[in-house]
Amino acid sequence: MYETTRRSGSGYVGTIPEDAVVTVSGNDRGQYRVRHEGRTGWVAHSGTRPAGSGATGVQTTPHYSTVNVRRSPGGPVIGAVPGGRLLTRFGTNESGQWNRVQWHCTSETNRSGLTADRARETGGCPGLNTPQVVKYGWVSTGVSYPTSSFRARTRTDDVPVYGDIVDEQSRPNTDVRLGSLDIRTEVTVTASRNGWYRIDYDGTRGWIRGWHTAGRQ
């Protein structure tokens, strides 16, 4: 269930059930303006996803030191990621034996020497002089498995981290500030509730606003 408000940030008007499809008519400061069952309100970006996107987490098997990323299911190897790496999954192929994932393409992980691959969505790095880019590829389900956790990076400075849930609405305790995160800090997201991400960082569990992160990768 995701909360809706009258305006960005205040005045609760109700909830939207999980997997409900709504039309977005506005966008302001990390929230969407939507209409559901005759009521108009605002929901956090991080409490939604494009209809039918199927984005979830996937983790490569820790038993292996590296796992190959391929251009297509069973196709040429275009890269490699460490075992135990959390990735974002965007569905599987028809047989269900391959996960389509995002992966961080660097000079170390790139395995494709083809210049043509740089322009492909599922190819090698567009330019190895860039520190890191996100590409798409395929990883076998034999060396990866679904998970509710994923990686995210902050996209602004001084992102507040708040204490754990204090009420039945699944909101963090904003009276308890555990610290703050700098821009592009990578965190592990372990849950998403009402526009908030529960994160683990430096041995601490806290909550940040999901719209302060750069998507799921």
# chains A, B, ... in the order shown; residues from 1 in each chain; ligands from 1

$ residues_around --residues "Ile208 (chain A)" --least-positions-apart "4" --cutoff "10 Å" --atoms "only C-alpha atoms" --output "count of residues only"
19

$ residues_around --residues "Thr185 (chain A)" --least-positions-apart "2" --cutoff "6 Å" --atoms "only C-alpha atoms" --output "PyMOL selection string"
chain A and resi 153-154+182-183

$ closest_residue --among "A:Arg205, A:His63, A:Arg85, A:Arg33" --to "Trp103 (chain A)" --atoms "only C-alpha atoms"
A:Arg85

$ closest_residue --among "A:Tyr201, A:Tyr64, A:Tyr136, A:Trp42" --to "Arg89 (chain A)" --atoms "only C-alpha atoms"
A:Tyr136

$ closest_residue --among "A:Thr88, A:Thr190, A:Thr15, A:Thr204" --to "His104 (chain A)" --atoms "only C-alpha atoms"
A:Thr88

$ atom_distance --atom1 "CA of Val176 (chain A)" --atom2 "CA of Thr188 (chain A)"
20.3 Å

$ closest_residue --among "A:Gln59, A:Thr106, A:Thr92, A:Asn99" --to "Gly79 (chain A)" --atoms "only C-alpha atoms"
A:Thr106
